[in-house]
Each structure stands twice: as structure tokens, then as C-alpha cells.
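Next comes target_39.tsv, with TSV, C-alpha atoms.
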```tsv
chain	number	residue	atom	x	y	z
A	1	MET	CA	-12.44	9.93	-1.86
A	2	ARG	CA	-14.04	6.69	-0.75
A	3	SER	CA	-13.19	3.09	-1.40
A	4	MET	CA	-16.04	0.73	-2.31
A	5	THR	CA	-14.91	-1.79	0.29
A	6	GLY	CA	-16.38	-1.42	3.74
A	7	TYR	CA	-18.26	-2.97	6.63
A	8	GLY	CA	-20.53	-1.71	9.36
A	9	GLY	CA	-22.63	-3.29	12.06
A	10	SER	CA	-24.96	-2.45	14.93
A	11	THR	CA	-27.27	-4.13	17.43
A	12	ALA	CA	-30.52	-3.14	19.11
A	13	ALA	CA	-33.24	-4.69	21.25
A	14	LEU	CA	-36.88	-4.05	21.99
A	15	GLY	CA	-38.29	-5.99	24.90
A	16	ASN	CA	-37.14	-9.58	24.62
A	17	VAL	CA	-36.30	-9.24	20.91
A	18	GLY	CA	-32.73	-8.40	19.94
A	19	PHE	CA	-31.48	-7.95	16.39
A	20	SER	CA	-28.30	-7.07	14.55
A	21	VAL	CA	-27.70	-5.07	11.36
A	22	ASN	CA	-24.71	-5.99	9.17
A	23	VAL	CA	-23.78	-4.17	5.99
A	24	SER	CA	-20.85	-4.93	3.70
A	25	SER	CA	-19.73	-3.63	0.33
A	26	VAL	CA	-17.25	-4.61	-2.37
A	27	ASN	CA	-16.40	-3.37	-5.87
A	28	ARG	CA	-19.03	-2.92	-8.58
A	29	LYS	CA	-19.29	-0.47	-11.48
A	30	SER	CA	-22.76	0.55	-10.30
A	31	LEU	CA	-24.82	0.12	-7.14
A	32	ASP	CA	-25.80	-3.54	-6.71
A	33	LEU	CA	-27.94	-3.64	-3.58
A	34	THR	CA	-29.46	-6.57	-1.71
A	35	VAL	CA	-31.39	-6.35	1.56
A	36	SER	CA	-32.43	-9.23	3.80
A	37	LEU	CA	-35.01	-8.65	6.55
A	38	PRO	CA	-37.21	-10.93	8.68
A	39	SER	CA	-40.43	-11.58	6.78
A	40	GLU	CA	-42.44	-9.76	9.47
A	41	TRP	CA	-40.54	-6.54	8.75
A	42	GLU	CA	-40.32	-6.70	4.96
A	43	VAL	CA	-42.74	-3.77	4.64
A	44	LEU	CA	-39.84	-1.59	5.87
A	45	GLU	CA	-37.53	-2.75	3.07
A	46	SER	CA	-38.07	0.29	0.83
A	47	GLU	CA	-37.12	2.67	3.65
A	48	VAL	CA	-34.00	0.65	4.40
A	49	ILE	CA	-33.05	0.73	0.70
A	50	ASP	CA	-33.49	4.53	0.65
A	51	GLN	CA	-31.07	4.81	3.58
A	52	VAL	CA	-28.48	2.67	1.81
A	53	ARG	CA	-28.75	4.73	-1.39
A	54	LYS	CA	-27.93	7.87	0.62
A	55	SER	CA	-24.72	6.26	1.86
A	56	ALA	CA	-23.46	4.49	-1.28
A	57	THR	CA	-23.66	5.20	-5.00
A	58	ARG	CA	-21.43	2.37	-6.25
A	59	GLY	CA	-20.48	-1.10	-5.10
A	60	LYS	CA	-22.11	-4.42	-4.32
A	61	VAL	CA	-23.80	-3.69	-1.00
A	62	HIS	CA	-25.48	-6.33	1.12
A	63	LEU	CA	-27.45	-5.40	4.24
A	64	SER	CA	-28.97	-8.02	6.50
A	65	ILE	CA	-31.08	-7.77	9.64
A	66	GLU	CA	-30.98	-10.86	11.78
A	67	ILE	CA	-32.83	-11.73	14.97
A	68	ASN	CA	-30.32	-12.50	17.72
A	69	SER	CA	-32.81	-13.61	20.38
A	70	LYS	CA	-36.52	-14.00	20.96
A	71	LYS	CA	-36.24	-14.68	24.66
A	72	LYS	CA	-34.83	-13.32	27.89
A	73	SER	CA	-33.72	-16.75	29.09
A	74	ASP	CA	-33.76	-20.33	27.95
A	75	GLU	CA	-36.56	-21.15	30.37
A	76	GLU	CA	-38.97	-18.83	28.63
A	77	VAL	CA	-39.06	-20.83	25.40
A	78	TRP	CA	-40.38	-24.01	26.99
A	79	ASP	CA	-44.13	-24.54	27.33
A	80	ASP	CA	-44.04	-26.12	30.78
A	81	GLU	CA	-47.76	-26.81	30.92
A	82	TYR	CA	-47.65	-28.64	27.59
A	83	ILE	CA	-44.68	-30.75	28.65
A	84	THR	CA	-46.34	-31.75	31.95
A	85	ALA	CA	-49.63	-32.58	30.27
A	86	ALA	CA	-47.86	-34.68	27.61
A	87	LEU	CA	-45.95	-36.68	30.24
A	88	ASP	CA	-49.13	-37.24	32.29
A	89	LYS	CA	-50.97	-38.48	29.22
A	90	LEU	CA	-48.16	-40.85	28.30
A	91	SER	CA	-48.01	-42.12	31.87
A	92	THR	CA	-51.78	-42.77	31.89
A	93	LEU	CA	-51.58	-44.60	28.56
A	94	ALA	CA	-48.67	-46.72	29.79
A	95	GLU	CA	-50.49	-47.59	33.01
A	96	ALA	CA	-53.62	-48.56	31.06
A	97	GLN	CA	-51.52	-50.92	28.96
A	98	GLY	CA	-49.69	-52.32	31.93
A	99	VAL	CA	-46.41	-50.86	30.78
A	100	THR	CA	-43.89	-49.32	33.11
A	101	PHE	CA	-43.37	-45.69	32.18
A	102	ASN	CA	-39.88	-44.32	32.82
A	103	PRO	CA	-39.44	-41.12	30.77
A	104	SER	CA	-35.86	-40.63	29.55
A	105	ALA	CA	-34.01	-37.38	29.04
A	106	ASP	CA	-34.23	-37.95	25.27
A	107	LEU	CA	-38.03	-38.29	25.45
A	108	LEU	CA	-38.26	-35.17	27.58
A	109	TRP	CA	-36.14	-33.25	25.03
A	110	GLN	CA	-38.30	-34.41	22.15
A	111	ILE	CA	-41.50	-33.36	23.90
A	112	ALA	CA	-40.03	-30.01	24.93
A	113	ASN	CA	-38.84	-29.25	21.39
A	114	SER	CA	-42.12	-30.33	19.83
A	115	LYS	CA	-43.76	-27.17	21.07
A	116	ARG	CA	-42.07	-24.04	22.22
A	117	LYS	CA	-43.64	-20.82	23.28
A	118	GLU	CA	-43.48	-18.55	20.25
A	119	VAL	CA	-42.45	-14.95	20.86
A	120	THR	CA	-43.71	-12.85	17.97
A	121	LEU	CA	-41.62	-10.01	16.58
A	122	PRO	CA	-42.76	-6.45	17.25
A	123	ALA	CA	-45.02	-4.95	14.62
A	124	PRO	CA	-43.24	-3.00	11.84
A	125	ASP	CA	-44.67	0.33	12.99
A	126	LEU	CA	-43.40	-0.32	16.52
A	127	ILE	CA	-39.90	-1.44	15.54
A	128	ARG	CA	-39.47	1.05	12.68
A	129	PRO	CA	-37.69	3.95	14.53
A	130	MET	CA	-35.28	1.63	16.30
A	131	LEU	CA	-34.60	-0.45	13.21
A	132	LEU	CA	-33.90	2.56	10.96
A	133	GLU	CA	-31.61	4.05	13.62
A	134	ALA	CA	-29.68	0.77	13.81
A	135	VAL	CA	-29.42	0.68	10.01
A	136	ASP	CA	-28.10	4.24	10.03
A	137	THR	CA	-25.46	3.34	12.61
A	138	ALA	CA	-24.31	0.34	10.55
A	139	LEU	CA	-24.16	2.42	7.37
A	140	ASN	CA	-22.11	5.11	9.12
A	141	GLY	CA	-19.62	2.44	10.12
A	142	MET	CA	-19.37	1.27	6.52
A	143	VAL	CA	-18.88	4.84	5.26
A	144	ILE	CA	-16.13	5.51	7.82
A	145	MET	CA	-14.27	2.39	6.69
A	146	ARG	CA	-14.70	3.39	3.05
A	147	GLU	CA	-13.33	6.87	3.76
A	148	LYS	CA	-10.29	5.54	5.63
A	149	GLU	CA	-9.42	3.23	2.78
A	150	GLY	CA	-10.08	6.10	0.37
A	151	GLU	CA	-7.45	8.19	2.17
A	152	ALA	CA	-4.88	5.45	1.61
A	153	LEU	CA	-5.88	5.21	-2.06
A	154	LEU	CA	-5.49	8.97	-2.47
A	155	VAL	CA	-1.90	8.82	-1.22
A	156	ASP	CA	-1.19	6.01	-3.67
A	157	PHE	CA	-2.77	7.93	-6.57
A	158	ILE	CA	-0.76	11.07	-5.88
A	159	THR	CA	2.44	9.00	-5.89
A	160	ARG	CA	1.52	7.37	-9.18
A	161	VAL	CA	0.45	10.66	-10.78
A	162	THR	CA	3.88	12.06	-9.93
A	163	LEU	CA	5.47	9.14	-11.77
A	164	LEU	CA	3.15	9.63	-14.77
A	165	ARG	CA	4.21	13.29	-14.98
A	166	ARG	CA	7.87	12.36	-14.81
A	167	LEU	CA	7.50	9.78	-17.57
A	168	VAL	CA	5.61	12.07	-19.94
A	169	ASP	CA	8.10	14.87	-19.25
A	170	SER	CA	10.90	12.49	-20.25
A	171	ILE	CA	9.03	11.71	-23.45
A	172	GLY	CA	8.53	15.42	-24.10
A	173	GLN	CA	12.25	16.08	-23.65
A	174	ARG	CA	13.20	13.30	-26.02
A	175	ALA	CA	10.60	14.02	-28.72
A	176	PRO	CA	12.36	17.07	-30.33
A	177	HIS	CA	15.48	14.97	-30.93
A	178	VAL	CA	13.70	12.21	-32.85
A	179	ALA	CA	13.64	13.96	-36.27
A	180	PRO	CA	17.29	15.19	-36.13
A	181	THR	CA	18.39	11.71	-35.09
A	182	TYR	CA	16.50	10.24	-38.03
A	183	ARG	CA	18.11	12.78	-40.37
A	184	GLU	CA	21.60	11.79	-39.22
A	185	LEU	CA	20.76	8.12	-39.58
A	186	LEU	CA	19.34	8.70	-43.07
A	187	LEU	CA	22.47	10.52	-44.22
A	188	LYS	CA	24.67	7.81	-42.71
A	189	ARG	CA	22.80	5.12	-44.63
A	190	LEU	CA	23.03	7.11	-47.83
A	191	ARG	CA	26.77	7.46	-47.42
A	192	GLU	CA	27.15	3.77	-46.67
A	193	ALA	CA	25.26	3.11	-49.91
A	194	ASN	CA	27.67	5.44	-51.77
A	195	LEU	CA	24.86	7.92	-52.36
A	196	GLU	CA	26.41	11.17	-51.30
A	197	LEU	CA	23.66	13.72	-50.90
A	198	ASP	CA	23.98	17.16	-49.40
A	199	ILE	CA	21.99	17.79	-46.24
A	200	SER	CA	20.20	20.59	-48.08
A	201	ASP	CA	19.15	18.30	-50.90
A	202	GLU	CA	15.41	18.69	-51.51
A	203	ARG	CA	14.82	14.94	-51.40
A	204	VAL	CA	16.53	14.65	-48.03
A	205	LEU	CA	14.65	17.63	-46.64
A	206	LYS	CA	11.34	16.25	-47.87
A	207	GLU	CA	11.95	12.81	-46.36
A	208	VAL	CA	13.00	14.31	-43.02
A	209	ALA	CA	10.00	16.66	-43.03
A	210	LEU	CA	7.60	13.79	-43.70
A	211	PHE	CA	9.16	11.72	-40.94
A	212	ALA	CA	9.04	14.63	-38.49
A	213	ASP	CA	5.36	15.12	-39.24
A	214	ARG	CA	4.56	11.43	-38.78
A	215	CYS	CA	6.36	11.18	-35.45
A	216	ASP	CA	5.22	14.51	-33.99
A	217	ILE	CA	3.54	13.76	-30.64
A	218	THR	CA	3.34	17.31	-29.32
A	219	GLU	CA	-0.44	17.37	-29.30
A	220	GLU	CA	-0.69	13.99	-27.59
A	221	ILE	CA	1.74	15.07	-24.86
A	222	THR	CA	-0.20	18.30	-24.30
A	223	ARG	CA	-3.52	16.46	-24.02
A	224	PHE	CA	-2.02	13.81	-21.74
A	225	LYS	CA	-0.72	16.49	-19.36
A	226	SER	CA	-4.13	18.15	-19.40
A	227	HIS	CA	-5.75	14.84	-18.48
A	228	ILE	CA	-3.27	14.41	-15.62
A	229	ASP	CA	-4.26	17.82	-14.27
A	230	GLN	CA	-7.96	16.94	-14.54
A	231	PHE	CA	-7.40	13.61	-12.81
A	232	THR	CA	-5.39	15.20	-9.99
A	233	ASN	CA	-8.00	17.89	-9.36
A	234	LEU	CA	-10.76	15.30	-9.45
A	235	ILE	CA	-9.29	12.91	-6.88
A	236	LYS	CA	-8.53	15.79	-4.52
A	237	SER	CA	-11.86	17.59	-4.74
A	238	GLU	CA	-14.68	15.03	-5.06
A	239	THR	CA	-15.92	12.15	-2.90
A	240	GLU	CA	-17.83	10.22	-5.55
A	241	MET	CA	-15.60	10.36	-8.60
A	242	GLY	CA	-14.97	6.78	-9.74
A	243	ARG	CA	-16.82	6.98	-13.05
A	244	LYS	CA	-15.31	10.36	-14.00
A	245	ALA	CA	-11.84	9.14	-13.14
A	246	GLU	CA	-12.30	6.00	-15.22
A	247	PHE	CA	-13.27	8.12	-18.23
A	248	ILE	CA	-10.21	10.38	-17.85
A	249	LEU	CA	-7.92	7.36	-17.53
A	250	GLN	CA	-9.45	5.90	-20.66
A	251	GLU	CA	-8.60	9.09	-22.55
A	252	MET	CA	-5.08	9.06	-21.14
A	253	GLY	CA	-4.68	5.51	-22.39
A	254	ARG	CA	-5.67	6.58	-25.90
A	255	GLU	CA	-3.08	9.34	-25.93
A	256	VAL	CA	-0.37	6.95	-24.75
A	257	HIS	CA	-1.31	4.44	-27.44
A	258	THR	CA	-1.08	7.16	-30.12
A	259	MET	CA	2.28	8.35	-28.82
A	260	GLY	CA	3.60	4.82	-28.94
A	261	SER	CA	2.46	4.25	-32.50
A	262	LYS	CA	3.85	7.57	-33.78
A	263	ALA	CA	7.06	8.19	-31.88
A	264	ASN	CA	9.30	5.70	-33.75
A	265	ASP	CA	12.05	6.01	-31.18
A	266	LEU	CA	13.54	3.34	-28.91
A	267	GLU	CA	14.01	5.59	-25.88
A	268	ILE	CA	10.48	6.93	-26.12
A	269	ALA	CA	9.18	3.40	-26.61
A	270	LYS	CA	10.72	2.39	-23.28
A	271	HIS	CA	8.99	5.29	-21.54
A	272	ILE	CA	5.72	4.39	-23.27
A	273	ILE	CA	5.89	0.86	-21.87
A	274	GLU	CA	6.44	2.24	-18.35
A	275	LEU	CA	3.63	4.72	-18.88
A	276	LYS	CA	1.21	2.00	-19.97
A	277	ASN	CA	2.14	-0.22	-17.03
A	278	GLU	CA	1.64	2.59	-14.55
A	279	LEU	CA	-1.67	3.58	-16.12
A	280	GLU	CA	-2.89	0.00	-15.75
A	281	ARG	CA	-2.01	0.07	-12.06
A	282	VAL	CA	-3.95	3.31	-11.63
A	283	LYS	CA	-6.94	1.81	-13.48
A	284	GLU	CA	-6.87	-1.22	-11.21
A	285	GLN	CA	-6.90	1.01	-8.15
A	286	ILE	CA	-9.56	3.37	-9.47
A	287	ALA	CA	-11.85	0.32	-9.78
A	288	ASN	CA	-11.90	0.36	-5.95
A	289	VAL	CA	-13.12	3.96	-5.77
A	290	GLU	CA	-16.74	4.97	-5.35
```

Spell out the structure here as C-alpha cells.
Amino acid sequence: MRSMTGYGGSTAALGNVGFSVNVSSVNRKSLDLTVSLPSEWEVLESEVIDQVRKSATRGKVHLSIEINSKKKSDEEVWDDEYITAALDKLSTLAEAQGVTFNPSADLLWQIANSKRKEVTLPAPDLIRPMLLEAVDTALNGMVIMREKEGEALLVDFITRVTLLRRLVDSIGQRAPHVAPTYRELLLKRLREANLELDISDERVLKEVALFADRCDITEEITRFKSHIDQFTNLIKSETEMGRKAEFILQEMGREVHTMGSKANDLEIAKHIIELKNELERVKEQIANVE
């Protein structure tokens, strides 16, 4: 099991060009992928996307490749010859105009920044092996983080599944008593209304039978337990199971809703409320699973 939340990063350098790869992911129902590369390397985007798709099937994933440096030292970016020539020209112009020329640090900075030596990025074919290896390293880091969080989610799911089983077992134990309880209540009300009817009276038997049929939730309990088994097996056996789990939880929710509408019993109703609340918590957590 993997979470959809993760982060991975790596760095690499070729010559005087260093770059970093950062990849992050958060929850999404499907794979929402964005990739940001330097314009010079955009021809490699499709290969980078293919790598990401091998590592993630769901989630909002953003991968960026940023240039960390284009130089070995600060001195290398300055065009010394240009700066000297510019100062000489300004000095000559000032002398011709009879103006004293005293270059300030601010003027020197402006001239230096007006033209820097450009260091071009390596060609895509040259950088490709190193870049794809760095992307792979970053993606592996993201996957490892996703798997660690997935392990924590699995423990939480197993705990919650245990509670779901206990609640539905309690409902199953109570369910057979609903019809007899209704029968006793019906007879009590008849007596209070001075309508003494024998328990074997056909009208009483028919009313109790109809009630028992309406409130019978045996099938719903059986299906709910089957869904619990499917869910448990799924979260223990598959890595990418978010969509399947969401479907099973949806079916479990339908069974709980039907049980609640049919049971007509206060004790069962209390268990149904707990069951619904716990199912919602599981649904919220499953939204984090790939």
C-alpha cells in the first residue's frame, strides 16, 4: 500500500552546470502530472513523463528540474575585457569633454551586470543519461516516502476494519430479537387499549410476520461482512488499490444505509450511526491511498 503524499529530490552536475530534480505528490483521484524543465531540455519532457508514470498511477505529481549554477566561481560570469573596454571608452569621452572621470562602485556594478559571459546548457543528447538518472533517483525517494506512509495507513485501516466487524456483529446479534420485541410491544399496546387478543390470533401473527419481513437485515449483514473481507484482502495484497477500495467502501455504505432504514430498532440504530461514522473515517483515509 502506498500513500499519494510524497517527496523526492536529487542533484547532479555536468561540467560547470549543476541542476536539481524535485518531485512532490499529493492526493488526486487520477494522475495529474506537471513537469517543468529548462527550455533547452524540453525535448526530453516525454521521457521524463514516462518515468513518472512508471512510479505513480494516482495523485497530483509535480516534477521540476532547476539549474543550480552555470559557473564554477563568481569570477567566471564577468566579461573582464568588456568591462575594461567600457571604462576606457567612458574615460576617453570624459577627457574629451573636459570632465573628470571617477568611476564609482555603482557604475562598475552596472557595467559588469550589463553583460555577463553566458554559459550555455549542455545539449539534450549530452545531458540525457545524467538527467534521467537524477529523475529516477528523485522518483525513488518519492516512492519510498509514499510506501512508508502507506505502512502507517495500513495499520490504521486494520484497526478500523476490526471495529467495523465488531459493530456489524453487534447488529447481527441484536437483529433476531427485533421481531419478538415488536410482538411483545404490540400485545402490550393491545392490552392497554382493552383489546385482548391471543398471541396465536391470525391478525397478530400476520402483523408480526409483516414487520419481521420489513426489518429483516440478514442479507445486508451478510453482504457487508463479505465486503469487509474483500476490503481486508485488498489492502493487504495490492500496492495500487485506491480505486478498488473506494468502490468496495461505496458498496458497504449502501448496505449500512439499507440496514438503518429497515432495522426499526433503537439499539441497532445506535450501532448504525457508529458504523456510518467509522466508514466515513475509512473513506477519508482511503482518499490518501494510491

Within 10 Å of A:Glu278, counting all atoms listed in the file, which residues show up once you throw out same-chain ones fewer than 2 positions away? Write them as an mmCIF file with C-alpha atoms, in the frame of the given file, please.
```
data_model
loop_
_atom_site.group_PDB
_atom_site.id
_atom_site.type_symbol
_atom_site.label_atom_id
_atom_site.label_comp_id
_atom_site.auth_asym_id
_atom_site.auth_seq_id
_atom_site.Cartn_x
_atom_site.Cartn_y
_atom_site.Cartn_z
ATOM 1 C CA ARG A 160 1.520 7.370 -9.180
ATOM 2 C CA VAL A 161 0.450 10.660 -10.780
ATOM 3 C CA LEU A 163 5.470 9.140 -11.770
ATOM 4 C CA LEU A 164 3.150 9.630 -14.770
ATOM 5 C CA LEU A 167 7.500 9.780 -17.570
ATOM 6 C CA ILE A 272 5.720 4.390 -23.270
ATOM 7 C CA ILE A 273 5.890 0.860 -21.870
ATOM 8 C CA GLU A 274 6.440 2.240 -18.350
ATOM 9 C CA LEU A 275 3.630 4.720 -18.880
ATOM 10 C CA LYS A 276 1.210 2.000 -19.970
ATOM 11 C CA GLU A 280 -2.890 0.000 -15.750
ATOM 12 C CA ARG A 281 -2.010 0.070 -12.060
ATOM 13 C CA VAL A 282 -3.950 3.310 -11.630
ATOM 14 C CA LYS A 283 -6.940 1.810 -13.480
ATOM 15 C CA GLU A 284 -6.870 -1.220 -11.210
#
```

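What separates atom CA of A:Arg28 from atom CA of A:His257 is a distance of 26.9 Å.
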
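Between A:Ile65 and the candidates A:Val135, A:Ala123, A:Met142, A:Leu107, the tightest atom-to-atom separation, counting all atoms listed in the file, involves A:Val135.
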
Might you pull out every residue within 10 Å of A:Leu249, with all atoms listed in the file counted and same-chain residues fewer than 5 positions away left off, and present them as a short mmCIF file (atom, residue, chain, number, x, y, z; two decimals) with C-alpha atoms, in the frame of the given file?
```cif
data_model
loop_
_atom_site.label_atom_id
_atom_site.label_comp_id
_atom_site.auth_asym_id
_atom_site.auth_seq_id
_atom_site.Cartn_x
_atom_site.Cartn_y
_atom_site.Cartn_z
CA PHE A 224 -2.02 13.81 -21.74
CA HIS A 227 -5.75 14.84 -18.48
CA ILE A 228 -3.27 14.41 -15.62
CA PHE A 231 -7.40 13.61 -12.81
CA ARG A 243 -16.82 6.98 -13.05
CA LYS A 244 -15.31 10.36 -14.00
CA ARG A 254 -5.67 6.58 -25.90
CA GLU A 255 -3.08 9.34 -25.93
CA LEU A 279 -1.67 3.58 -16.12
CA GLU A 280 -2.89 0.00 -15.75
CA VAL A 282 -3.95 3.31 -11.63
CA LYS A 283 -6.94 1.81 -13.48
CA ILE A 286 -9.56 3.37 -9.47
#
```

Pairwise distance, atom CA of A:Val289 with atom CA of A:Arg223, equals 24.1 Å

**Message:** Which residues are near A:Lys148? Cut-off 9 Å, only C-alpha atoms, ignore same chain within fewer than 3 positions. Put them as a PyMOL selection string.
**Reply:** chain A and resi 1-3+143-145+151-153

One residue among A:Ser30, A:Ser104, A:Thr218, A:Ser46 is nearest to A:Val168 when using only C-alpha atoms, and that residue is A:Thr218

Using all atoms listed in the file, the residue out of A:Val52, A:Glu251, A:Gly15, A:Arg166 with shortest distance to A:Asn140 is A:Val52

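Nearest residue to A:Glu220 among A:Asn68, A:Asn16, A:Ser261, A:Thr57 is A:Ser261, counting all atoms listed in the file.
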
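Counting all atoms listed in the file and comparing A:Glu66, A:Asp125, A:Asp169, A:Asp216, the residue that lies closest to A:Ser36 is A:Glu66.
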